[in-house]
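K.L.:
Got a structure for you, questions after.
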Amino acid sequence: MKNGSPASKASRGDGDFYRAFLALDRGRRNRIALRILRNQEILADLYDHFLIREAIREKGCSVSWKSYLRAKGSRVR
């Protein structure tokens, strides 16, 4: 049974994008990834995602990115 919901269509589109990204040569993938990471809004979302995953893994409360880096020291950078 096919699911025609907008969410399922969006996830198929994401898969297409990811397959196209992986089909690029290594240098182009790196350039695109660096360009994406220069976008401050995307970078902030990545930090948030990482910190949420760490809080879940540690079974603790949320922590700011700066506090996390201070606690972990230079090993994270």
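Chain labels follow the order of the structure tokens: the first chain is A, the next B, and so on; residue numbering restarts at 1 in every chain, and ligands are counted from 1 in their shown order.
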Quick one: residues within 9 Å of Ile32 of chain A, only C-alpha atoms counted, chain neighbours fewer than 5 positions away excluded, as a ChimeraX atom specification?

P.N.:
/A:21,27,37
